[in-house]
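Listing of entry-v9.pdb; format and content: PDB, C-alpha atoms, pLDDT in the B column.
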```
ATOM      1  CA  MET A 109     130.530 260.544 229.805  1.00 71.00           C
ATOM      2  CA  ASP A 110     131.895 262.420 232.819  1.00 84.00           C
ATOM      3  CA  SER A 111     132.420 261.258 236.372  1.00 85.00           C
ATOM      4  CA  LEU A 112     129.497 261.702 238.752  1.00 83.00           C
ATOM      5  CA  HIS A 113     130.110 264.196 241.555  1.00 84.00           C
ATOM      6  CA  VAL A 114     128.089 263.725 244.746  1.00 84.00           C
ATOM      7  CA  LEU A 115     127.818 266.883 246.823  1.00 84.00           C
ATOM      8  CA  PRO A 116     129.067 267.009 250.426  1.00 86.00           C
ATOM      9  CA  GLY A 117     126.592 266.057 253.127  1.00 85.00           C
ATOM     10  CA  PRO A 118     126.266 264.045 256.319  1.00 86.00           C
ATOM     11  CA  GLY A 119     128.261 260.833 255.971  1.00 84.00           C
ATOM     12  CA  ALA A 120     130.377 262.328 253.161  1.00 84.00           C
ATOM     13  CA  PRO A 121     131.740 265.689 254.380  1.00 84.00           C
ATOM     14  CA  GLN A 122     133.923 266.219 251.297  1.00 86.00           C
ATOM     15  CA  GLY A 123     131.455 264.572 248.924  1.00 85.00           C
ATOM     16  CA  PHE A 124     132.761 261.918 246.549  1.00 86.00           C
ATOM     17  CA  THR A 125     133.183 261.208 242.859  1.00 86.00           C
ATOM     18  CA  VAL A 126     132.032 258.087 241.030  1.00 87.00           C
ATOM     19  CA  PRO A 127     134.462 257.417 238.139  1.00 87.00           C
ATOM     20  CA  ALA A 128     132.884 257.467 234.680  1.00 86.00           C
ATOM     21  CA  GLY A 129     134.113 253.931 233.990  1.00 88.00           C
ATOM     22  CA  GLU A 130     131.946 252.527 236.811  1.00 87.00           C
ATOM     23  CA  LEU A 131     128.718 254.026 235.422  1.00 89.00           C
ATOM     24  CA  LEU A 132     126.802 252.135 232.761  1.00 90.00           C
ATOM     25  CA  GLU A 133     124.371 254.076 230.561  1.00 89.00           C
ATOM     26  CA  GLN A 134     121.814 252.334 228.378  1.00 87.00           C
ATOM     27  CA  PHE A 135     119.347 253.993 226.037  1.00 85.00           C
ATOM     28  CA  SER A 136     115.944 252.783 224.854  1.00 85.00           C
ATOM     29  CA  HIS A 137     112.625 254.026 223.480  1.00 77.00           C
ATOM     30  CA  ALA A 138     110.760 256.161 225.971  1.00 66.00           C
ATOM     31  CA  SER A 139     106.996 255.879 226.278  1.00 69.00           C
ATOM     32  CA  GLY A 140     106.281 259.501 227.122  1.00 61.00           C
ATOM     33  CA  PRO A 141     105.966 262.740 225.169  1.00 62.00           C
ATOM     34  CA  GLY A 142     107.855 263.258 221.955  1.00 61.00           C
ATOM     35  CA  GLY A 143     105.344 263.142 219.141  1.00 63.00           C
ATOM     36  CA  GLN A 144     106.468 261.305 216.027  1.00 63.00           C
ATOM     37  CA  GLY A 145     110.074 261.317 217.232  1.00 61.00           C
ATOM     38  CA  VAL A 146     109.314 259.103 220.243  1.00 59.00           C
ATOM     39  CA  ASN A 147     109.428 255.988 218.052  1.00 62.00           C
ATOM     40  CA  THR A 148     112.715 256.867 216.387  1.00 65.00           C
ATOM     41  CA  THR A 149     114.881 258.228 219.200  1.00 71.00           C
ATOM     42  CA  ASP A 150     116.281 256.366 222.146  1.00 75.00           C
ATOM     43  CA  SER A 151     115.562 259.019 224.759  1.00 81.00           C
ATOM     44  CA  ARG A 152     115.026 256.876 227.896  1.00 86.00           C
ATOM     45  CA  VAL A 153     118.206 256.597 229.933  1.00 89.00           C
ATOM     46  CA  GLN A 154     119.046 253.822 232.379  1.00 91.00           C
ATOM     47  CA  LEU A 155     122.039 254.644 234.559  1.00 91.00           C
ATOM     48  CA  SER A 156     123.523 251.749 236.549  1.00 92.00           C
ATOM     49  CA  LEU A 157     126.164 251.588 239.269  1.00 91.00           C
ATOM     50  CA  ASP A 158     127.441 248.472 241.025  1.00 91.00           C
ATOM     51  CA  LEU A 159     127.586 249.481 244.697  1.00 89.00           C
ATOM     52  CA  GLY A 160     129.438 246.304 245.617  1.00 88.00           C
ATOM     53  CA  THR A 161     132.507 247.083 243.505  1.00 88.00           C
ATOM     54  CA  THR A 162     132.578 250.886 243.195  1.00 87.00           C
ATOM     55  CA  THR A 163     135.755 252.614 244.356  1.00 88.00           C
ATOM     56  CA  ALA A 164     133.901 255.833 245.190  1.00 87.00           C
ATOM     57  CA  LEU A 165     132.531 254.574 248.521  1.00 87.00           C
ATOM     58  CA  THR A 166     134.344 253.659 251.715  1.00 88.00           C
ATOM     59  CA  GLU A 167     133.446 250.323 253.336  1.00 90.00           C
ATOM     60  CA  VAL A 168     131.200 252.046 255.905  1.00 88.00           C
ATOM     61  CA  GLN A 169     129.415 254.031 253.183  1.00 88.00           C
ATOM     62  CA  ARG A 170     129.076 250.885 251.039  1.00 89.00           C
ATOM     63  CA  GLU A 171     127.437 248.911 253.879  1.00 91.00           C
ATOM     64  CA  LEU A 172     125.026 251.767 254.613  1.00 89.00           C
ATOM     65  CA  ALA A 173     124.117 252.202 250.942  1.00 90.00           C
ATOM     66  CA  LEU A 174     123.614 248.470 250.366  1.00 91.00           C
ATOM     67  CA  ALA A 175     121.389 248.197 253.453  1.00 91.00           C
ATOM     68  CA  ARG A 176     119.284 251.289 252.743  1.00 91.00           C
ATOM     69  CA  LEU A 177     118.865 250.744 249.007  1.00 89.00           C
ATOM     70  CA  ALA A 178     118.314 246.965 249.255  1.00 91.00           C
ATOM     71  CA  ALA A 179     114.762 247.212 247.880  1.00 91.00           C
ATOM     72  CA  ARG A 180     116.006 249.033 244.762  1.00 89.00           C
ATOM     73  CA  LEU A 181     118.995 246.811 244.042  1.00 87.00           C
ATOM     74  CA  SER A 182     119.382 243.926 241.645  1.00 90.00           C
ATOM     75  CA  GLY A 183     122.174 242.032 243.355  1.00 90.00           C
ATOM     76  CA  THR A 184     124.412 244.982 244.200  1.00 89.00           C
ATOM     77  CA  VAL A 185     123.555 247.021 241.078  1.00 91.00           C
ATOM     78  CA  LEU A 186     121.520 250.194 241.464  1.00 91.00           C
ATOM     79  CA  THR A 187     119.687 251.311 238.304  1.00 92.00           C
ATOM     80  CA  ILE A 188     117.989 254.669 237.761  1.00 92.00           C
ATOM     81  CA  SER A 189     115.676 255.294 234.794  1.00 91.00           C
ATOM     82  CA  ALA A 190     114.800 258.708 233.389  1.00 90.00           C
ATOM     83  CA  ALA A 191     112.286 259.246 230.593  1.00 86.00           C
ATOM     84  CA  GLU A 192     110.440 262.399 231.617  1.00 85.00           C
ATOM     85  CA  HIS A 193     112.071 264.659 229.007  1.00 84.00           C
ATOM     86  CA  ARG A 194     111.918 264.515 225.237  1.00 81.00           C
ATOM     87  CA  SER A 195     115.659 264.799 224.760  1.00 84.00           C
ATOM     88  CA  GLN A 196     118.200 262.152 225.650  1.00 85.00           C
ATOM     89  CA  ARG A 197     120.598 264.789 226.970  1.00 90.00           C
ATOM     90  CA  ARG A 198     118.079 266.108 229.516  1.00 91.00           C
ATOM     91  CA  ASN A 199     117.184 262.561 230.579  1.00 90.00           C
ATOM     92  CA  ARG A 200     120.887 261.789 231.084  1.00 90.00           C
ATOM     93  CA  THR A 201     121.216 264.860 233.295  1.00 92.00           C
ATOM     94  CA  ALA A 202     118.069 263.930 235.251  1.00 93.00           C
ATOM     95  CA  ALA A 203     119.261 260.349 235.824  1.00 93.00           C
ATOM     96  CA  ARG A 204     122.700 261.498 236.992  1.00 91.00           C
ATOM     97  CA  LYS A 205     121.171 264.065 239.341  1.00 93.00           C
ATOM     98  CA  ARG A 206     118.795 261.447 240.801  1.00 93.00           C
ATOM     99  CA  LEU A 207     121.570 258.907 241.285  1.00 92.00           C
ATOM    100  CA  ALA A 208     123.787 261.472 243.028  1.00 91.00           C
ATOM    101  CA  GLU A 209     120.963 262.496 245.391  1.00 92.00           C
ATOM    102  CA  LEU A 210     120.084 258.868 246.139  1.00 92.00           C
ATOM    103  CA  LEU A 211     123.715 258.044 246.979  1.00 90.00           C
ATOM    104  CA  ARG A 212     124.049 261.185 249.102  1.00 90.00           C
ATOM    105  CA  GLU A 213     120.978 260.244 251.170  1.00 90.00           C
ATOM    106  CA  ALA A 214     122.016 256.581 251.421  1.00 90.00           C
ATOM    107  CA  VAL A 215     125.423 257.291 253.022  1.00 89.00           C
ATOM    108  CA  ALA A 216     124.059 259.765 255.594  1.00 89.00           C
ATOM    109  CA  PRO A 217     124.142 258.315 259.123  1.00 86.00           C
ATOM    110  CA  THR A 218     120.856 257.895 260.960  1.00 85.00           C
ATOM    111  CA  THR A 219     120.149 260.510 263.583  1.00 86.00           C
ATOM    112  CA  ILE A 220     119.273 259.133 266.988  1.00 90.00           C
ATOM    113  CA  ARG A 221     116.059 260.527 268.405  1.00 89.00           C
ATOM    114  CA  ARG A 222     116.472 261.662 271.956  1.00 92.00           C
ATOM    115  CA  PRO A 223     113.110 261.732 273.708  1.00 92.00           C
ATOM    116  CA  THR A 224     112.242 265.007 275.385  1.00 93.00           C
ATOM    117  CA  ARG A 225     110.236 265.554 278.560  1.00 94.00           C
ATOM    118  CA  ARG A 226     107.070 267.575 278.656  1.00 94.00           C
ATOM    119  CA  THR A 227     107.360 270.810 280.574  1.00 95.00           C
ATOM    120  CA  GLN A 228     105.517 271.142 283.862  1.00 96.00           C
ATOM    121  CA  GLY A 229     103.396 273.923 282.375  1.00 97.00           C
ATOM    122  CA  SER A 230     102.325 271.798 279.415  1.00 96.00           C
ATOM    123  CA  GLN A 231     101.392 268.920 281.736  1.00 97.00           C
ATOM    124  CA  LEU A 232      99.290 271.225 283.903  1.00 97.00           C
ATOM    125  CA  ARG A 233      97.545 272.724 280.846  1.00 97.00           C
ATOM    126  CA  ARG A 234      96.783 269.243 279.527  1.00 97.00           C
ATOM    127  CA  LEU A 235      95.252 268.114 282.821  1.00 97.00           C
ATOM    128  CA  GLU A 236      93.235 271.334 283.078  1.00 97.00           C
ATOM    129  CA  ASP A 237      91.886 270.809 279.546  1.00 97.00           C
ATOM    130  CA  LYS A 238      90.938 267.223 280.447  1.00 97.00           C
ATOM    131  CA  ARG A 239      89.064 268.425 283.520  1.00 97.00           C
ATOM    132  CA  GLY A 240      87.275 271.039 281.419  1.00 97.00           C
ATOM    133  CA  ARG A 241      86.200 268.492 278.788  1.00 97.00           C
ATOM    134  CA  SER A 242      85.038 266.110 281.510  1.00 96.00           C
ATOM    135  CA  GLU A 243      82.922 268.869 283.091  1.00 94.00           C
ATOM    136  CA  ILE A 244      81.360 269.768 279.709  1.00 95.00           C
ATOM    137  CA  LYS A 245      80.382 266.132 279.151  1.00 95.00           C
ATOM    138  CA  GLN A 246      78.990 265.770 282.676  1.00 92.00           C
ATOM    139  CA  ASN A 247      76.814 268.868 282.118  1.00 92.00           C
ATOM    140  CA  ARG A 248      75.318 267.206 279.020  1.00 93.00           C
ATOM    141  CA  ARG A 249      74.006 264.293 281.057  1.00 92.00           C
ATOM    142  CA  ARG A 250      70.402 264.048 282.172  1.00 89.00           C
ATOM    143  CA  PRO A 251      70.076 265.317 285.749  1.00 85.00           C
ATOM    144  CA  ARG A 252      69.659 262.636 288.412  1.00 83.00           C
ATOM    145  CA  PRO A 253      66.279 262.432 290.120  1.00 83.00           C
ATOM    146  CA  GLY A 254      66.135 263.458 293.696  1.00 69.00           C
TER     147      GLY A 254
END
```

Translate this file's structure into structure tokens.
Amino acid sequence: MDSLHVLPGPGAPQGFTVPAGELLEQFSHASGPGGQGVNTTDSRVQLSLDLGTTTALTEVQRELALARLAARLSGTVLTISAAEHRSQRRNRTAARKRLAELLREAVAPTTIRRPTRRTQGSQLRRLEDKRGRSEIKQNRRRPRPG
């Protein structure tokens, strides 16, 4: 098994590489397509990585990943399953790709939303529309006697 390369992105400008020794692959029967072969081949792949001890992440990246992926973790171990393909090789590739994308998104810093102000023109248009709707509704009312 090769090392896992995570592409560059926010939070990891040069990307990073997870050493092959830190990844644990397990194989089991998949429940999906495969015909008669589904009962005889171990095509489901479970790829696990311990985020608490991996050397691929810096301390800042590790804290971000542990916080953001907390719902998916068992202790500090992140496990990805892939069983959508009939072949073990394609499931291995799919699991590795999913793990890399998940790690890439987890180490990206949060962007701070800066609130913007409405333009004067948009405020005026909004108020004019409100006046127009109010007038339409007033014209629907029954006329007052007198």

Practice task
Would you list the contacts of Val215 of chain A as a list in words, taking every protein, DNA or RNA residue within 6 Å and counting all atoms listed in the file, but skipping same-chain residues closer than 2 positions in sequence?
Solution key: Gly119, Gln169, Leu172, Ala173, Arg212 and Glu213 of chain A

Practice task
Translate the PyMOL selection byres ((chain A and resi 128) around 6), as applied to the file shown, into an explicit residue set as a PyMOL selection string.
Solution key: chain A and resi 110-111+127+129-131

Problem - Matched chain/residue IDs from the PyMOL selection byres ((chain A and resi 175-181) around 10), as a list in words - result: Leu157, Asp158, Leu159, Gln169, Arg170, Glu171, Leu172, Ala173, Leu174, Ser182, Gly183, Thr184, Val185, Leu186, Thr187, Ile188, Leu210, Leu211, Glu213, Ala214 and Val215 of chain A

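Of the listed residues (A:Glu167, A:Gln154, A:Pro217, A:Leu235), A:Gln154 comes nearest to Ala202 of chain A; the distances count only C-alpha atoms.
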
Exercise for the section: Enter the distance from atom CA of Thr161 of chain A to atom CA of Arg204 of chain A, in Å, rounded to one decimal. Expected result: 18.6 Å

Exercise for the section: Enter the distance from atom CA of His193 of chain A to atom CA of Met109 of chain A, in Å, rounded to one decimal. Expected result: 18.9 Å

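Excluding Leu115 of chain A itself and any same-chain residue fewer than 2 positions from it, the protein and nucleic acid residues within 9 Å of it, counting only C-alpha atoms, are His113, Gly117, Ala120, Pro121, Gln122, Gly123, Phe124, Thr125, Ala208, Glu209 and Arg212 of chain A.
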
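Atom CA of Gln246 of chain A sits 21.1 Å away from atom CA of Leu232 of chain A.
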
List the neighbours of Ser195 of chain A out to 9 Å using only C-alpha atoms; skip same-chain residues closer than 3 positions along the sequence, and give me the result as an mmCIF file with C-alpha atoms, in the frame of the given file.
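What landed in selection-v3.cif:
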```
data_model
loop_
_atom_site.group_PDB
_atom_site.id
_atom_site.type_symbol
_atom_site.label_atom_id
_atom_site.label_comp_id
_atom_site.auth_asym_id
_atom_site.auth_seq_id
_atom_site.Cartn_x
_atom_site.Cartn_y
_atom_site.Cartn_z
ATOM 1 C CA GLY A 142 107.855 263.258 221.955
ATOM 2 C CA THR A 149 114.881 258.228 219.200
ATOM 3 C CA ASP A 150 116.281 256.366 222.146
ATOM 4 C CA SER A 151 115.562 259.019 224.759
ATOM 5 C CA ARG A 152 115.026 256.876 227.896
ATOM 6 C CA ALA A 191 112.286 259.246 230.593
ATOM 7 C CA GLU A 192 110.440 262.399 231.617
ATOM 8 C CA ARG A 198 118.079 266.108 229.516
ATOM 9 C CA ASN A 199 117.184 262.561 230.579
ATOM 10 C CA ARG A 200 120.887 261.789 231.084
#
```

Just need the box for segment 156-161 of chain A, edges along x, y and z, holding every atom the file lists for it with 4 Å tacked onto each side, so centre and edge lengths in Å to one decimal, as JSON.
```
{"center_x": 128.0, "center_y": 249.0, "center_z": 241.1, "size_x": 17.0, "size_y": 13.4, "size_z": 17.1}
```

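Closest to Ser189 of chain A among A:Ser230, A:Thr201, A:Thr218, A:Thr166 is A:Thr201, based on all atoms listed in the file.
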